[in-house]
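Okay, upload_9.txt now, which holds compact mmCIF, C-alpha atoms (C1' of nucleotides):
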```
# COMPACT_ATOMS: atom_id res chain seq x y z
CA MET A 1 103.66 118.07 90.17
CA GLU A 2 106.98 116.98 91.61
CA ARG A 3 109.71 116.53 89.10
CA THR A 4 111.70 113.36 88.77
CA ILE A 5 115.20 112.92 90.02
CA VAL A 6 116.61 113.20 86.58
CA ASP A 7 115.46 116.63 85.60
CA TYR A 8 115.41 118.10 89.04
CA GLN A 9 119.00 119.20 88.92
CA GLU A 10 121.92 119.34 86.55
CA GLY A 11 121.42 115.80 85.43
CA SER A 12 124.38 114.37 87.26
CA VAL A 13 122.33 113.27 90.21
CA GLN A 14 121.94 109.74 88.92
CA GLU A 15 125.69 109.46 88.48
CA LYS A 16 126.30 110.79 91.95
CA LEU A 17 123.93 108.20 93.35
CA GLN A 18 125.74 105.41 91.54
CA LYS A 19 129.06 106.62 92.84
CA ILE A 20 127.79 106.89 96.38
CA LEU A 21 126.23 103.45 96.32
CA GLY A 22 129.46 101.99 95.04
CA ASP A 23 131.45 103.56 97.84
CA VAL A 24 128.91 102.98 100.52
CA GLU A 25 128.45 99.27 100.19
CA GLU A 26 132.01 98.33 99.51
CA ASP A 27 132.98 97.63 103.09
CA GLY A 28 130.19 97.14 105.51
CA GLY A 29 131.65 98.95 108.47
CA THR A 30 134.55 101.23 107.87
CA CYS A 31 133.34 102.94 104.74
CA PRO A 32 134.34 106.59 105.02
CA ILE A 33 131.10 107.84 103.56
CA ARG A 34 129.04 106.00 106.11
CA ASN A 35 131.39 107.27 108.72
CA ILE A 36 130.94 110.81 107.66
CA LEU A 37 127.20 110.62 107.21
CA VAL A 38 126.86 109.06 110.61
CA ARG A 39 128.78 111.87 112.18
CA PHE A 40 126.84 114.69 110.64
CA SER A 41 123.71 112.99 111.35
CA ASP A 42 123.76 113.82 114.95
CA LYS A 43 121.77 116.75 116.06
CA TRP A 44 124.40 118.49 118.15
CA SER A 45 126.96 118.54 115.35
CA THR A 46 124.44 119.95 112.94
CA LEU A 47 123.25 122.64 115.31
CA SER A 48 126.79 123.60 116.30
CA ILE A 49 127.76 123.97 112.67
CA PHE A 50 124.71 126.09 112.00
CA HIS A 51 125.50 128.46 114.83
CA LEU A 52 129.19 128.70 114.08
CA GLY A 53 128.35 129.39 110.47
CA ASP A 54 125.96 132.07 111.55
CA ALA A 55 128.15 133.78 114.11
CA GLY A 56 131.58 133.26 112.58
CA THR A 57 133.57 132.92 115.78
CA LEU A 58 132.25 131.83 119.15
CA ARG A 59 133.68 131.08 122.54
CA PHE A 60 132.72 127.86 124.24
CA ASN A 61 130.03 129.30 126.44
CA GLU A 62 128.68 131.60 123.76
CA LEU A 63 128.07 128.56 121.61
CA LYS A 64 126.61 126.69 124.54
CA LYS A 65 124.06 129.45 125.08
CA ARG A 66 122.98 129.30 121.46
CA VAL A 67 122.65 125.58 121.10
CA ASP A 68 119.54 125.16 123.13
CA GLY A 69 119.62 122.27 125.55
CA ILE A 70 123.12 120.96 124.97
CA SER A 71 125.07 119.90 128.01
CA GLN A 72 128.61 121.01 128.65
CA ARG A 73 129.85 117.52 128.17
CA MET A 74 128.16 117.01 124.82
CA LEU A 75 129.35 120.35 123.54
CA THR A 76 132.88 119.39 124.42
CA VAL A 77 132.56 116.00 122.76
CA THR A 78 130.89 117.46 119.69
CA LEU A 79 133.51 120.14 119.25
CA ARG A 80 136.36 117.69 119.70
CA ASN A 81 134.97 115.46 116.99
CA LEU A 82 134.37 118.36 114.66
CA GLU A 83 137.87 119.58 115.30
CA ARG A 84 139.25 116.14 114.65
CA ASP A 85 137.45 115.96 111.35
CA GLY A 86 138.79 119.33 110.30
CA ILE A 87 135.39 121.01 110.42
CA VAL A 88 136.19 123.53 113.14
CA THR A 89 139.29 125.17 114.50
CA ARG A 90 139.93 125.59 118.18
CA ARG A 91 142.05 128.50 119.29
CA VAL A 92 143.16 128.78 122.89
CA TYR A 93 144.24 132.10 124.33
CA PRO A 94 146.60 131.76 127.28
CA GLU A 95 144.69 134.08 129.54
CA ILE A 96 143.06 133.79 132.89
CA PRO A 97 140.26 133.02 132.84
CA PRO A 98 140.85 130.96 129.70
CA ARG A 99 139.35 131.94 126.38
CA VAL A 100 138.76 129.42 123.63
CA GLU A 101 137.37 130.39 120.28
CA TYR A 102 135.84 128.11 117.72
CA GLN A 103 135.12 128.71 114.08
CA LEU A 104 134.41 126.75 110.95
CA THR A 105 137.23 125.81 108.63
CA ASP A 106 136.90 126.07 104.87
CA LEU A 107 135.95 122.43 104.90
CA GLY A 108 133.37 123.17 107.56
CA ARG A 109 131.87 126.00 105.57
CA SER A 110 131.57 123.81 102.51
CA LEU A 111 129.77 121.25 104.65
CA LEU A 112 127.57 123.95 106.09
CA VAL A 113 126.27 124.71 102.63
CA GLN A 114 125.13 121.12 102.26
CA ILE A 115 123.39 120.82 105.57
CA ILE A 116 121.72 124.18 105.10
CA GLU A 117 120.16 122.75 101.97
CA LEU A 118 119.01 119.77 103.94
CA GLY A 119 117.66 121.97 106.70
CA ASP A 120 115.96 124.14 104.14
CA TRP A 121 114.34 121.08 102.64
CA ALA A 122 113.17 120.01 106.07
CA SER A 123 111.83 123.46 106.74
CA ASN A 124 109.94 123.58 103.46
CA HIS A 125 108.50 120.10 103.76
CA SER A 126 107.81 119.86 107.46
CA ASN A 127 104.11 120.39 106.86
CA GLN A 128 103.88 117.55 104.39
CA ILE A 129 105.69 115.27 106.78
CA ILE A 130 103.58 116.22 109.75
CA GLU A 131 100.44 115.62 107.74
CA ALA A 132 101.72 112.30 106.53
CA ARG A 133 102.39 111.28 110.09
CA SER A 134 98.88 112.25 111.14
CA ARG A 135 97.32 110.23 108.35
CA PHE A 136 99.47 107.23 109.13
CA ASP A 137 98.75 107.36 112.83
CA ALA A 138 95.04 107.70 112.13
CA ARG A 139 95.13 104.63 109.90
CA GLU A 140 97.12 102.60 112.38
CA GLY A 141 95.16 103.78 115.34
CA ARG A 142 98.29 104.07 117.37
CA VAL A 143 101.50 105.99 117.50
CA ILE A 144 104.74 104.52 116.25
CA ASP A 145 107.60 106.44 117.67
CA SER A 146 111.09 106.53 116.34
CA VAL A 147 112.17 103.04 117.15
CA SER A 148 109.40 101.49 119.11
CA LEU A 149 107.63 98.41 117.89
CA ASN A 150 108.98 96.75 120.96
CA MET B 151 140.68 128.04 96.91
CA GLU B 152 137.47 127.40 98.79
CA ARG B 153 134.77 129.89 98.20
CA THR B 154 132.84 131.56 100.96
CA ILE B 155 129.32 130.68 101.86
CA VAL B 156 127.97 133.75 100.21
CA ASP B 157 129.14 133.28 96.68
CA TYR B 158 129.12 129.51 96.68
CA GLN B 159 125.51 129.32 95.64
CA GLU B 160 122.67 131.54 94.60
CA GLY B 161 123.23 133.96 97.41
CA SER B 162 120.21 132.92 99.42
CA VAL B 163 122.18 130.59 101.63
CA GLN B 164 122.53 133.17 104.38
CA GLU B 165 118.81 133.72 104.39
CA LYS B 166 118.14 130.02 104.54
CA LEU B 167 120.44 129.71 107.51
CA GLN B 168 118.65 132.51 109.33
CA LYS B 169 115.33 130.88 108.66
CA ILE B 170 116.51 127.50 109.84
CA LEU B 171 118.05 128.89 113.00
CA GLY B 172 114.83 130.69 113.77
CA ASP B 173 112.80 127.53 113.39
CA VAL B 174 115.28 125.25 115.05
CA GLU B 175 115.71 127.01 118.33
CA GLU B 176 112.17 128.09 118.86
CA ASP B 177 111.09 125.08 120.87
CA GLY B 178 113.84 123.02 122.33
CA GLY B 179 112.35 119.61 121.79
CA THR B 180 109.46 119.27 119.41
CA CYS B 181 110.76 121.47 116.63
CA PRO B 182 109.82 119.77 113.35
CA ILE B 183 113.10 120.57 111.71
CA ARG B 184 115.07 118.94 114.46
CA ASN B 185 112.70 116.04 114.28
CA ILE B 186 113.24 115.61 110.61
CA LEU B 187 116.98 116.07 110.70
CA VAL B 188 117.22 113.55 113.47
CA ARG B 189 115.30 111.02 111.47
CA PHE B 190 117.33 111.29 108.30
CA SER B 191 120.40 111.26 110.28
CA ASP B 192 120.27 107.62 110.89
CA LYS B 193 122.27 105.45 108.65
CA TRP B 194 119.63 102.88 107.79
CA SER B 195 117.14 105.46 106.59
CA THR B 196 119.71 107.09 104.39
CA LEU B 197 120.90 103.86 102.87
CA SER B 198 117.37 102.60 102.31
CA ILE B 199 116.45 105.80 100.53
CA PHE B 200 119.56 105.56 98.37
CA HIS B 201 118.75 102.04 97.29
CA LEU B 202 115.09 102.67 96.70
CA GLY B 203 115.98 105.71 94.66
CA ASP B 204 118.40 103.65 92.66
CA ALA B 205 116.19 100.65 92.06
CA GLY B 206 112.78 102.29 91.89
CA THR B 207 110.74 99.49 93.41
CA LEU B 208 112.00 96.82 95.76
CA ARG B 209 110.53 94.02 97.77
CA PHE B 210 111.40 93.69 101.41
CA ASN B 211 114.08 91.08 100.99
CA GLU B 212 115.49 92.64 97.86
CA LEU B 213 116.08 95.79 99.83
CA LYS B 214 117.47 93.82 102.72
CA LYS B 215 120.06 92.23 100.46
CA ARG B 216 121.17 95.60 99.18
CA VAL B 217 121.45 97.38 102.48
CA ASP B 218 124.52 95.65 103.72
CA GLY B 219 124.36 94.56 107.33
CA ILE B 220 120.86 95.65 108.23
CA SER B 221 118.85 93.31 110.41
CA GLN B 222 115.33 92.30 109.57
CA ARG B 223 114.06 94.15 112.57
CA MET B 224 115.79 97.40 111.71
CA LEU B 225 114.67 97.26 108.12
CA THR B 226 111.09 96.87 109.28
CA VAL B 227 111.39 99.70 111.74
CA THR B 228 113.13 101.94 109.23
CA LEU B 229 110.57 101.32 106.53
CA ARG B 230 107.67 101.91 108.91
CA ASN B 231 109.08 105.24 109.91
CA LEU B 232 109.75 106.25 106.35
CA GLU B 233 106.25 105.22 105.42
CA ARG B 234 104.85 107.16 108.31
CA ASP B 235 106.70 110.27 107.20
CA GLY B 236 105.40 109.93 103.66
CA ILE B 237 108.83 109.13 102.22
CA VAL B 238 108.04 105.63 100.96
CA THR B 239 104.93 103.77 99.91
CA ARG B 240 104.23 100.22 100.96
CA ARG B 241 102.13 98.08 98.69
CA VAL B 242 100.98 94.66 99.85
CA TYR B 243 99.93 92.04 97.33
CA PRO B 244 97.53 89.50 98.78
CA GLU B 245 99.44 86.47 97.58
CA ILE B 246 101.03 83.49 99.20
CA PRO B 247 103.84 83.85 99.94
CA PRO B 248 103.25 87.52 100.59
CA ARG B 249 104.78 90.17 98.39
CA VAL B 250 105.37 93.69 99.63
CA GLU B 251 106.83 96.37 97.43
CA TYR B 252 108.37 99.63 98.54
CA GLN B 253 109.15 102.72 96.58
CA LEU B 254 109.89 106.37 97.17
CA THR B 255 107.09 108.89 97.07
CA ASP B 256 107.49 112.24 95.36
CA LEU B 257 108.39 113.63 98.74
CA GLY B 258 110.93 110.88 99.14
CA ARG B 259 112.51 111.60 95.81
CA SER B 260 112.83 115.26 96.62
CA LEU B 261 114.56 114.27 99.84
CA LEU B 262 116.78 111.87 97.97
CA VAL B 263 118.15 114.73 95.94
CA GLN B 264 119.25 116.46 99.12
CA ILE B 265 120.93 113.51 100.72
CA ILE B 266 122.63 112.63 97.47
CA GLU B 267 124.22 116.04 97.59
CA LEU B 268 125.31 115.39 101.13
CA GLY B 269 126.63 111.96 100.22
CA ASP B 270 128.42 113.42 97.25
CA TRP B 271 130.01 116.01 99.49
CA ALA B 272 131.12 113.26 101.84
CA SER B 273 132.49 111.26 98.96
CA ASN B 274 134.44 114.20 97.59
CA HIS B 275 135.83 115.27 100.94
CA SER B 276 136.45 111.96 102.63
CA ASN B 277 140.16 112.23 101.98
CA GLN B 278 140.41 115.63 103.60
CA ILE B 279 138.52 114.36 106.59
CA ILE B 280 140.58 111.23 106.95
CA GLU B 281 143.76 113.25 106.77
CA ALA B 282 142.46 115.71 109.32
CA ARG B 283 141.71 112.84 111.64
CA SER B 284 145.20 111.44 111.24
CA ARG B 285 146.81 114.77 112.00
CA PHE B 286 144.61 115.27 115.03
CA ASP B 287 145.26 111.81 116.38
CA ALA B 288 148.98 112.26 115.86
CA ARG B 289 148.93 115.54 117.79
CA GLU B 290 146.87 114.09 120.60
CA GLY B 291 148.85 110.90 120.74
CA ARG B 292 145.71 108.91 121.22
CA VAL B 293 142.55 108.02 119.42
CA ILE B 294 139.29 109.75 120.14
CA ASP B 295 136.47 107.70 118.81
CA SER B 296 133.01 108.92 118.07
CA VAL B 297 131.85 109.61 121.58
CA SER B 298 134.51 108.35 123.89
CA LEU B 299 136.29 110.68 126.27
CA ASN B 300 134.97 108.50 129.05
C1' DC C 301 108.18 85.89 102.18
C1' DT C 302 107.33 89.42 105.41
C1' DG C 303 106.95 90.44 109.27
C1' DT C 304 106.31 90.41 115.17
C1' DA C 305 107.68 89.39 119.78
C1' DT C 306 111.43 88.86 123.30
C1' DC C 307 115.56 89.19 125.33
C1' DC C 308 119.68 91.48 126.06
C1' DC C 309 123.57 94.33 125.76
C1' DT C 310 126.27 98.22 124.55
C1' DG C 311 127.05 102.93 123.70
C1' DA C 312 125.30 107.58 123.81
C1' DT C 313 124.09 111.12 126.82
C1' DG C 314 122.49 113.89 130.96
C1' DA C 315 123.65 115.24 135.75
C1' DT C 316 126.84 116.30 138.93
C1' DA C 317 131.08 117.40 140.98
C1' DC C 318 135.80 118.71 140.54
C1' DT C 319 140.17 121.29 138.29
C1' DG C 320 143.66 124.48 136.01
C1' DC D 321 135.91 130.11 131.66
C1' DA D 322 136.51 125.83 129.74
C1' DG D 323 136.92 121.87 130.40
C1' DT D 324 137.48 116.40 132.82
C1' DA D 325 135.99 112.68 135.54
C1' DT D 326 132.47 109.69 137.22
C1' DC D 327 128.21 107.74 137.65
C1' DA D 328 123.63 106.32 136.18
C1' DT D 329 120.24 105.79 132.71
C1' DC D 330 117.95 104.25 128.82
C1' DA D 331 116.98 103.86 124.09
C1' DG D 332 119.03 101.77 119.74
C1' DG D 333 119.70 97.87 117.78
C1' DG D 334 121.34 92.77 117.21
C1' DA D 335 120.05 87.81 117.73
C1' DT D 336 116.74 84.64 117.90
C1' DA D 337 112.45 82.40 117.67
C1' DC D 338 107.82 82.41 116.20
C1' DA D 339 103.57 83.60 113.00
C1' DG D 340 100.31 84.44 109.00
```

Just give me the structure as structure tokens.
Amino acid sequence: MERTIVDYQEGSVQEKLQKILGDVEEDGGTCPIRNILVRFSDKWSTLSIFHLGDAGTLRFNELKKRVDGISQRMLTVTLRNLERDGIVTRRVYPEIPPRVEYQLTDLGRSLLVQIIELGDWASNHSNQIIEARSRFDAREGRVIDSVSLN
Amino acid sequence: MERTIVDYQEGSVQEKLQKILGDVEEDGGTCPIRNILVRFSDKWSTLSIFHLGDAGTLRFNELKKRVDGISQRMLTVTLRNLERDGIVTRRVYPEIPPRVEYQLTDLGRSLLVQIIELGDWASNHSNQIIEARSRFDAREGRVIDSVSLN
DNA sequence: CTGTATCCCTGATGATACTG
DNA sequence: CAGTATCATCAGGGATACAG
């Protein structure tokens, strides 16, 4: 029913995997790919990028309202890191009270496309995953949370 | 030079984003999409999936050798979680010494395709990101690491 | 070989209060 | 409004030793 890796897409997927594996394992800590994956792994970055991609331009507090549950501090940290990586721009208007507008850069929009695909995958497969978890937990007779086993 | 979101792919990207945003913000904590994104955000899961996708089938220690720097404990935890989510299968051979083989499920392979795309994006844009970081750090006159600002 | 069980420590993050 | 600064917490994850 599911297709294999090879014929699922344009056929270059295997090559991409090889390339990634080569890069990824070359230096155990400072590898840029790991670095980048680690960054966009975190939930606040992902959600911020989603909302900025959706809205186009947002002020600090507008974004804060949309990203449900984020604290002021974490939004600041997240936006700084995204700005540093060239994913978002930060524009400050010298007014009182201050106005700061954020939006995705071209680089950010190209990243957005990728994480939308990932989010779409998650959305489309969440049922399968939830069912798998239920079966597993039933077999084990206990719950294993994210990093328990302690 | 960069294309916009709209024409970059089949045109449904906007719709996907809407759908994701709807799902993602509906319940601030237990949302399955958040759950899933959070899981595949972590570096060990991603790397394990890469290597299993590359090799097909791997024993515990074979995988451990390939995933540079992972501890025994974290490999166990990672594999349990992936198994629980239906991403990998775990087959135990009743031999002495024990042999345990892991491989991706169909679900896992379909996920692999997505994270390969993300990894490929990271690989292709790592230079831009590294340069952006340099410029930012030069402007700021100091380094901001992942979550400092303390 | 393939795990489990402990101990421990650091970094990520929320809460709160303060500032330009 | 848009942050910074500080404090406190706690889960992620390494090291190590033990087990089937």

Could you write out as a list of chain:residue names the residues of chain D within 10 Å of chain A, counting only C-alpha atoms (C1' of nucleotides)? D:DC321, D:DA322, D:DG323, D:DT324, D:DA331, D:DG332, D:DG333

Requested write-out: C-alpha atoms (C1' of nucleotides) of the selected residues, as a JSON list (two decimals), keeping the file's coordinate frame:
```json
[["chain", "number", "residue", "atom", "x", "y", "z"],
["D", 321, "DC", "C1'", 135.91, 130.11, 131.66],
["D", 322, "DA", "C1'", 136.51, 125.83, 129.74],
["D", 323, "DG", "C1'", 136.92, 121.87, 130.40],
["D", 324, "DT", "C1'", 137.48, 116.40, 132.82],
["D", 331, "DA", "C1'", 116.98, 103.86, 124.09],
["D", 332, "DG", "C1'", 119.03, 101.77, 119.74],
["D", 333, "DG", "C1'", 119.70, 97.87, 117.78]]
```

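Proximity of B:Asp218, B:Glu290, B:Leu213, B:Arg240 to chain A, computed with all atoms listed in the file, is greatest for B:Asp218.
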
Using all atoms listed in the file, I'd like every residue of chain C that has an atom within 10 Å of chain A; please write them out as a PDB file with C-alpha atoms (C1' of nucleotides), keeping the file's coordinate frame.
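Generated file (part_27.pdb):
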```
ATOM      1  C1'  DT C 304     106.310  90.410 115.170  1.00  0.00           C
ATOM      2  C1'  DA C 305     107.680  89.390 119.780  1.00  0.00           C
ATOM      3  C1'  DT C 306     111.430  88.860 123.300  1.00  0.00           C
ATOM      4  C1'  DA C 312     125.300 107.580 123.810  1.00  0.00           C
ATOM      5  C1'  DT C 313     124.090 111.120 126.820  1.00  0.00           C
ATOM      6  C1'  DG C 314     122.490 113.890 130.960  1.00  0.00           C
ATOM      7  C1'  DA C 315     123.650 115.240 135.750  1.00  0.00           C
ATOM      8  C1'  DG C 320     143.660 124.480 136.010  1.00  0.00           C
TER       9       DG C 320
END
```

Straight-line distance linking CA of Gly172 in chain B with CA of Asn231 in chain B, stated in Å to one decimal: 26.4 Å

Hey, list the chain A side of the contact with chain B: 6 Å cut-off, only C-alpha atoms, answer as an MDAnalysis selection string. chainID A and resid 33 41 84:86 114 118 122:123 129 132:133 136

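Distance-wise, C1' of DC327 in chain D and CA of Lys64 in chain A end up 23.1 Å apart.
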
So that I can see what lies close to Leu202 in chain B, please list as a JSON list (two decimals) with C-alpha atoms, in the coordinates of the input the residues with an atom at most 8 Å from it, counting all atoms listed in the file and leaving out residues fewer than 3 positions away in the same chain.
```
[["chain", "number", "residue", "atom", "x", "y", "z"],
["B", 198, "SER", "CA", 117.37, 102.60, 102.31],
["B", 199, "ILE", "CA", 116.45, 105.80, 100.53],
["B", 205, "ALA", "CA", 116.19, 100.65, 92.06],
["B", 206, "GLY", "CA", 112.78, 102.29, 91.89],
["B", 207, "THR", "CA", 110.74, 99.49, 93.41],
["B", 208, "LEU", "CA", 112.00, 96.82, 95.76],
["B", 213, "LEU", "CA", 116.08, 95.79, 99.83],
["B", 252, "TYR", "CA", 108.37, 99.63, 98.54],
["B", 253, "GLN", "CA", 109.15, 102.72, 96.58],
["B", 254, "LEU", "CA", 109.89, 106.37, 97.17]]
```

Quick one, how far is CA of Lys215 in chain B from CA of Ser195 in chain B? 14.9 Å
